[in-house]
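Enquirer: There's a structure below that I have some questions on.
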Amino acid sequence: MITGLQEVLKALTEAGKAITDQEVKKIVRDEAMAMIITAQSKAPSQDIRESIGFIEKNENKFTKTVLIGPRYYGGHRGQLAHTFEYGTQQRFTKDGQDRGFIEARPFMRPALDQHKTNIVTNVPERILKLAVDTYNNK
């Protein structure tokens, strides 16, 4: 049996309550930055590359999370990013002219795959460290 386990759990719970949403969000943003850089390096065009970043529109709805991807607002020009990420089928105009297809050239998914393990590992570790530091500085 571990002595003092209840006290440790209580202390961590109290420290966790002292951590703000902004502190958690900063940790998540820091860890997600590597994914953004990788996605930008794999982007098929300069417009799409420049549009990839943190999606801050309606950010007040997401207090502890971040959204990452091509942005379509605020002067960013990522409107066609999905066509390159997923590709298209053969396309035709209304009068039947063949416009061809776009072969998928994923850039977001490979960036996620490359960094998800680090993000899933580092975010909880950093939050736990923050909780311990918060408790120790009381």
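Starting from 1 in every chain, residues are counted up; chains themselves are A, B, ... following the order of the structure tokens, and ligands are numbered from 1 as listed.
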Show me, as a list of chain:residue names, the residues that have an atom within 10 Å of Ala32 in chain A when counting only C-alpha atoms, minus same-chain residues fewer than 4 positions from it.
Expert: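 The filter keeps A:Lys26, A:Ile27, A:Val28, A:Ile36, A:Ile37, A:Gly53, A:Phe54, A:Val66, A:Leu67, A:Ile68, A:Leu112, A:His115, A:Lys116, A:Asn118, A:Ile119, A:Val123.
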Enquirer: Need the shell around Phe107 in chain A: protein/DNA/RNA residues with any atom at most 10 Å away, counting only C-alpha atoms. Skip same-chain ones fewer than 3 positions apart. Format as a ChimeraX atom specification?
Expert: /A:38-44,49,81-82,84-86,104,110-112
Enquirer: Would you mind exporting the chosen residues as a short mmCIF file (atom, residue, chain, number, x, y, z; two decimals), in the first residue's frame, restricted to all heavy atoms?
Expert:
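Below is the file result27.cif, written as the result:
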```cif
data_model
loop_
_atom_site.label_atom_id
_atom_site.label_comp_id
_atom_site.auth_asym_id
_atom_site.auth_seq_id
_atom_site.Cartn_x
_atom_site.Cartn_y
_atom_site.Cartn_z
N THR A 38 4.99 21.45 -40.40
CA THR A 38 5.08 20.31 -41.32
C THR A 38 4.03 20.41 -42.42
O THR A 38 4.34 20.19 -43.59
CB THR A 38 4.92 18.99 -40.55
OG1 THR A 38 5.96 18.89 -39.58
CG2 THR A 38 4.98 17.79 -41.48
N ALA A 39 2.79 20.74 -42.06
CA ALA A 39 1.73 20.88 -43.07
C ALA A 39 2.08 21.97 -44.06
O ALA A 39 1.87 21.81 -45.27
CB ALA A 39 0.39 21.16 -42.38
N GLN A 40 2.62 23.08 -43.58
CA GLN A 40 3.02 24.17 -44.48
C GLN A 40 4.11 23.71 -45.44
O GLN A 40 4.09 24.06 -46.62
CB GLN A 40 3.50 25.38 -43.68
CG GLN A 40 2.40 26.11 -42.96
CD GLN A 40 2.91 27.18 -42.03
OE1 GLN A 40 4.04 27.13 -41.55
NE2 GLN A 40 2.06 28.17 -41.75
N SER A 41 5.03 22.90 -44.96
CA SER A 41 6.12 22.44 -45.83
C SER A 41 5.63 21.48 -46.91
O SER A 41 6.26 21.33 -47.94
CB SER A 41 7.23 21.78 -45.00
OG SER A 41 6.83 20.51 -44.54
N LYS A 42 4.50 20.81 -46.66
CA LYS A 42 3.95 19.85 -47.61
C LYS A 42 2.84 20.44 -48.49
O LYS A 42 2.33 19.76 -49.37
CB LYS A 42 3.40 18.63 -46.86
CG LYS A 42 4.45 17.85 -46.10
CD LYS A 42 3.81 16.71 -45.32
CE LYS A 42 4.80 15.93 -44.52
NZ LYS A 42 5.80 15.23 -45.30
N ALA A 43 2.45 21.68 -48.24
CA ALA A 43 1.34 22.30 -48.96
C ALA A 43 1.64 22.41 -50.46
O ALA A 43 2.78 22.68 -50.85
CB ALA A 43 1.03 23.66 -48.39
N PRO A 44 0.61 22.21 -51.31
CA PRO A 44 0.83 22.20 -52.75
C PRO A 44 0.96 23.57 -53.40
O PRO A 44 1.34 23.66 -54.57
CB PRO A 44 -0.41 21.47 -53.27
CG PRO A 44 -1.45 21.75 -52.26
CD PRO A 44 -0.75 21.83 -50.95
N ARG A 49 -0.19 27.19 -48.37
CA ARG A 49 0.86 27.19 -47.34
C ARG A 49 0.66 28.36 -46.38
O ARG A 49 0.73 28.20 -45.17
CB ARG A 49 2.23 27.26 -48.01
CG ARG A 49 3.40 27.24 -47.06
CD ARG A 49 4.78 27.18 -47.72
NE ARG A 49 4.90 27.57 -49.12
CZ ARG A 49 4.81 26.75 -50.17
NH1 ARG A 49 4.61 25.47 -50.00
NH2 ARG A 49 4.93 27.20 -51.40
N ALA A 81 -8.00 24.17 -50.56
CA ALA A 81 -7.13 23.21 -49.87
C ALA A 81 -7.72 21.81 -49.84
O ALA A 81 -7.02 20.83 -50.05
CB ALA A 81 -6.85 23.69 -48.45
N HIS A 82 -9.02 21.72 -49.62
CA HIS A 82 -9.66 20.39 -49.54
C HIS A 82 -9.57 19.64 -50.86
O HIS A 82 -9.47 18.42 -50.87
CB HIS A 82 -11.11 20.52 -49.09
CG HIS A 82 -11.97 21.27 -50.05
ND1 HIS A 82 -11.94 22.64 -50.17
CD2 HIS A 82 -12.87 20.83 -50.95
CE1 HIS A 82 -12.80 23.02 -51.10
NE2 HIS A 82 -13.38 21.94 -51.60
N PHE A 84 -7.09 19.64 -52.92
CA PHE A 84 -5.75 19.05 -53.00
C PHE A 84 -5.55 17.95 -51.96
O PHE A 84 -4.91 16.95 -52.23
CB PHE A 84 -4.68 20.13 -52.85
CG PHE A 84 -4.61 21.05 -54.02
CD1 PHE A 84 -5.20 22.30 -53.97
CD2 PHE A 84 -3.99 20.66 -55.19
CE1 PHE A 84 -5.15 23.15 -55.05
CE2 PHE A 84 -3.94 21.51 -56.29
CZ PHE A 84 -4.53 22.75 -56.22
N GLU A 85 -6.09 18.16 -50.77
CA GLU A 85 -5.95 17.16 -49.70
C GLU A 85 -6.62 15.83 -50.08
O GLU A 85 -6.05 14.77 -49.89
CB GLU A 85 -6.57 17.69 -48.39
CG GLU A 85 -6.48 16.75 -47.23
CD GLU A 85 -5.11 16.66 -46.57
OE1 GLU A 85 -4.25 17.53 -46.81
OE2 GLU A 85 -4.90 15.72 -45.81
N TYR A 86 -7.84 15.92 -50.63
CA TYR A 86 -8.62 14.71 -50.92
C TYR A 86 -8.72 14.36 -52.39
O TYR A 86 -9.12 13.26 -52.74
CB TYR A 86 -10.04 14.86 -50.35
CG TYR A 86 -10.04 15.13 -48.88
CD1 TYR A 86 -10.43 16.37 -48.38
CD2 TYR A 86 -9.63 14.16 -47.96
CE1 TYR A 86 -10.43 16.62 -47.02
CE2 TYR A 86 -9.62 14.41 -46.61
CZ TYR A 86 -10.02 15.64 -46.14
OH TYR A 86 -10.00 15.89 -44.80
N ALA A 104 -5.31 13.41 -55.38
CA ALA A 104 -5.09 13.78 -53.98
C ALA A 104 -3.60 13.96 -53.70
O ALA A 104 -2.78 13.15 -54.10
CB ALA A 104 -5.66 12.71 -53.06
N PRO A 110 -0.73 13.83 -43.40
CA PRO A 110 0.63 13.39 -43.08
C PRO A 110 1.25 14.18 -41.91
O PRO A 110 1.99 13.62 -41.11
CB PRO A 110 1.41 13.63 -44.37
CG PRO A 110 0.37 13.59 -45.45
CD PRO A 110 -0.87 14.17 -44.82
N ALA A 111 0.93 15.47 -41.82
CA ALA A 111 1.45 16.27 -40.71
C ALA A 111 0.86 15.78 -39.38
O ALA A 111 1.57 15.67 -38.38
CB ALA A 111 1.13 17.75 -40.92
N LEU A 112 -0.43 15.48 -39.37
CA LEU A 112 -1.06 14.93 -38.16
C LEU A 112 -0.44 13.60 -37.80
O LEU A 112 -0.06 13.37 -36.64
CB LEU A 112 -2.57 14.77 -38.37
CG LEU A 112 -3.31 14.03 -37.26
CD1 LEU A 112 -3.24 14.79 -35.95
CD2 LEU A 112 -4.74 13.76 -37.66
#
```
Enquirer: Would you please extract all helix (DSSP H, G or I) residues from range 16-102 of chain A, as assigned by DSSP on the backbone, and give them as a ChimeraX atom specification?
Expert: /A:16-18,21-42,46-51,59-61,81-86
Enquirer: Can I get the selection written as a short mmCIF file (atom, residue, chain, number, x, y, z; two decimals), in the first residue's frame, with N, CA and C atoms?
Expert:
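The resulting selection20.cif:
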```cif
data_model
loop_
_atom_site.label_atom_id
_atom_site.label_comp_id
_atom_site.auth_asym_id
_atom_site.auth_seq_id
_atom_site.Cartn_x
_atom_site.Cartn_y
_atom_site.Cartn_z
N GLY A 16 -5.05 21.14 -10.10
CA GLY A 16 -5.72 21.12 -11.40
C GLY A 16 -6.80 22.17 -11.51
N LYS A 17 -7.47 22.45 -10.41
CA LYS A 17 -8.51 23.49 -10.41
C LYS A 17 -7.91 24.87 -10.57
N ALA A 18 -6.65 25.02 -10.18
CA ALA A 18 -6.00 26.33 -10.26
C ALA A 18 -5.47 26.62 -11.66
N ASP A 21 -7.93 27.79 -18.27
CA ASP A 21 -8.13 27.33 -19.65
C ASP A 21 -7.07 27.92 -20.58
N GLN A 22 -6.70 29.18 -20.30
CA GLN A 22 -5.69 29.84 -21.15
C GLN A 22 -4.34 29.12 -21.04
N GLU A 23 -3.99 28.67 -19.84
CA GLU A 23 -2.72 27.95 -19.68
C GLU A 23 -2.74 26.62 -20.44
N VAL A 24 -3.87 25.92 -20.37
CA VAL A 24 -4.00 24.66 -21.11
C VAL A 24 -3.94 24.92 -22.60
N LYS A 25 -4.64 25.94 -23.05
CA LYS A 25 -4.66 26.26 -24.48
C LYS A 25 -3.26 26.64 -24.98
N LYS A 26 -2.49 27.35 -24.18
CA LYS A 26 -1.13 27.72 -24.58
C LYS A 26 -0.27 26.46 -24.77
N ILE A 27 -0.40 25.51 -23.87
CA ILE A 27 0.35 24.26 -23.99
C ILE A 27 -0.03 23.53 -25.27
N VAL A 28 -1.33 23.44 -25.55
CA VAL A 28 -1.80 22.75 -26.75
C VAL A 28 -1.30 23.47 -28.00
N ARG A 29 -1.37 24.81 -28.00
CA ARG A 29 -0.88 25.58 -29.15
C ARG A 29 0.62 25.36 -29.37
N ASP A 30 1.38 25.38 -28.28
CA ASP A 30 2.83 25.17 -28.39
C ASP A 30 3.13 23.81 -29.03
N GLU A 31 2.45 22.78 -28.57
CA GLU A 31 2.71 21.43 -29.07
C GLU A 31 2.21 21.25 -30.51
N ALA A 32 1.17 21.99 -30.89
CA ALA A 32 0.60 21.85 -32.24
C ALA A 32 1.39 22.62 -33.29
N MET A 33 2.26 23.51 -32.86
CA MET A 33 3.00 24.33 -33.82
C MET A 33 3.84 23.49 -34.78
N ALA A 34 4.42 22.41 -34.30
CA ALA A 34 5.23 21.54 -35.18
C ALA A 34 4.38 20.95 -36.30
N MET A 35 3.13 20.63 -35.99
CA MET A 35 2.23 20.09 -37.01
C MET A 35 1.94 21.14 -38.09
N ILE A 36 1.76 22.36 -37.68
CA ILE A 36 1.50 23.44 -38.64
C ILE A 36 2.70 23.62 -39.57
N ILE A 37 3.89 23.63 -39.00
CA ILE A 37 5.11 23.81 -39.80
C ILE A 37 5.25 22.67 -40.82
N THR A 38 4.99 21.45 -40.40
CA THR A 38 5.08 20.31 -41.32
C THR A 38 4.03 20.41 -42.42
N ALA A 39 2.79 20.74 -42.06
CA ALA A 39 1.73 20.88 -43.07
C ALA A 39 2.08 21.97 -44.06
N GLN A 40 2.62 23.08 -43.58
CA GLN A 40 3.02 24.17 -44.48
C GLN A 40 4.11 23.71 -45.44
N SER A 41 5.03 22.90 -44.96
CA SER A 41 6.12 22.44 -45.83
C SER A 41 5.63 21.48 -46.91
N LYS A 42 4.50 20.81 -46.66
CA LYS A 42 3.95 19.85 -47.61
C LYS A 42 2.84 20.44 -48.49
N GLN A 46 1.56 28.14 -52.63
CA GLN A 46 1.91 29.19 -51.68
C GLN A 46 0.67 29.72 -50.96
N ASP A 47 -0.44 29.90 -51.68
CA ASP A 47 -1.67 30.38 -51.03
C ASP A 47 -2.10 29.43 -49.91
N ILE A 48 -2.07 28.15 -50.20
CA ILE A 48 -2.48 27.17 -49.19
C ILE A 48 -1.47 27.15 -48.05
N ARG A 49 -0.19 27.19 -48.37
CA ARG A 49 0.86 27.19 -47.34
C ARG A 49 0.66 28.36 -46.38
N GLU A 50 0.42 29.53 -46.93
CA GLU A 50 0.25 30.72 -46.10
C GLU A 50 -1.05 30.70 -45.31
N SER A 51 -2.03 29.93 -45.76
CA SER A 51 -3.32 29.89 -45.07
C SER A 51 -3.32 28.92 -43.88
N GLU A 59 -13.23 31.21 -31.70
CA GLU A 59 -12.35 30.57 -30.74
C GLU A 59 -12.94 30.54 -29.33
N ASN A 60 -13.87 31.45 -29.03
CA ASN A 60 -14.46 31.45 -27.69
C ASN A 60 -15.29 30.19 -27.42
N LYS A 61 -15.65 29.45 -28.46
CA LYS A 61 -16.38 28.20 -28.29
C LYS A 61 -15.45 27.06 -27.86
N ALA A 81 -8.00 24.17 -50.56
CA ALA A 81 -7.13 23.21 -49.87
C ALA A 81 -7.72 21.81 -49.84
N HIS A 82 -9.02 21.72 -49.62
CA HIS A 82 -9.66 20.39 -49.54
C HIS A 82 -9.57 19.64 -50.86
N THR A 83 -9.57 20.35 -51.99
CA THR A 83 -9.49 19.65 -53.28
C THR A 83 -8.11 19.01 -53.47
N PHE A 84 -7.09 19.64 -52.92
CA PHE A 84 -5.75 19.05 -53.00
C PHE A 84 -5.55 17.95 -51.96
N GLU A 85 -6.09 18.16 -50.77
CA GLU A 85 -5.95 17.16 -49.70
C GLU A 85 -6.62 15.83 -50.08
N TYR A 86 -7.84 15.92 -50.63
CA TYR A 86 -8.62 14.71 -50.92
C TYR A 86 -8.72 14.36 -52.39
#
```
Enquirer: What is the CA of Thr13 in chain A to CA of Phe62 in chain A distance in Å?
Expert: 22.6 Å
Enquirer: Within range 16-130 of chain A, find each residue whose DSSP state, derived from the backbone, is strand (DSSP E), and express the selection as a PyMOL selection string.
Expert: chain A and resi 52-54+68-70+91-92+98-100
Enquirer: Would you mind telling me which residue in A:Gly69, A:Gly78, A:Gly87, A:Pro124 lies nearest to Glu103 in chain A when using only C-alpha atoms?
Expert: A:Gly87
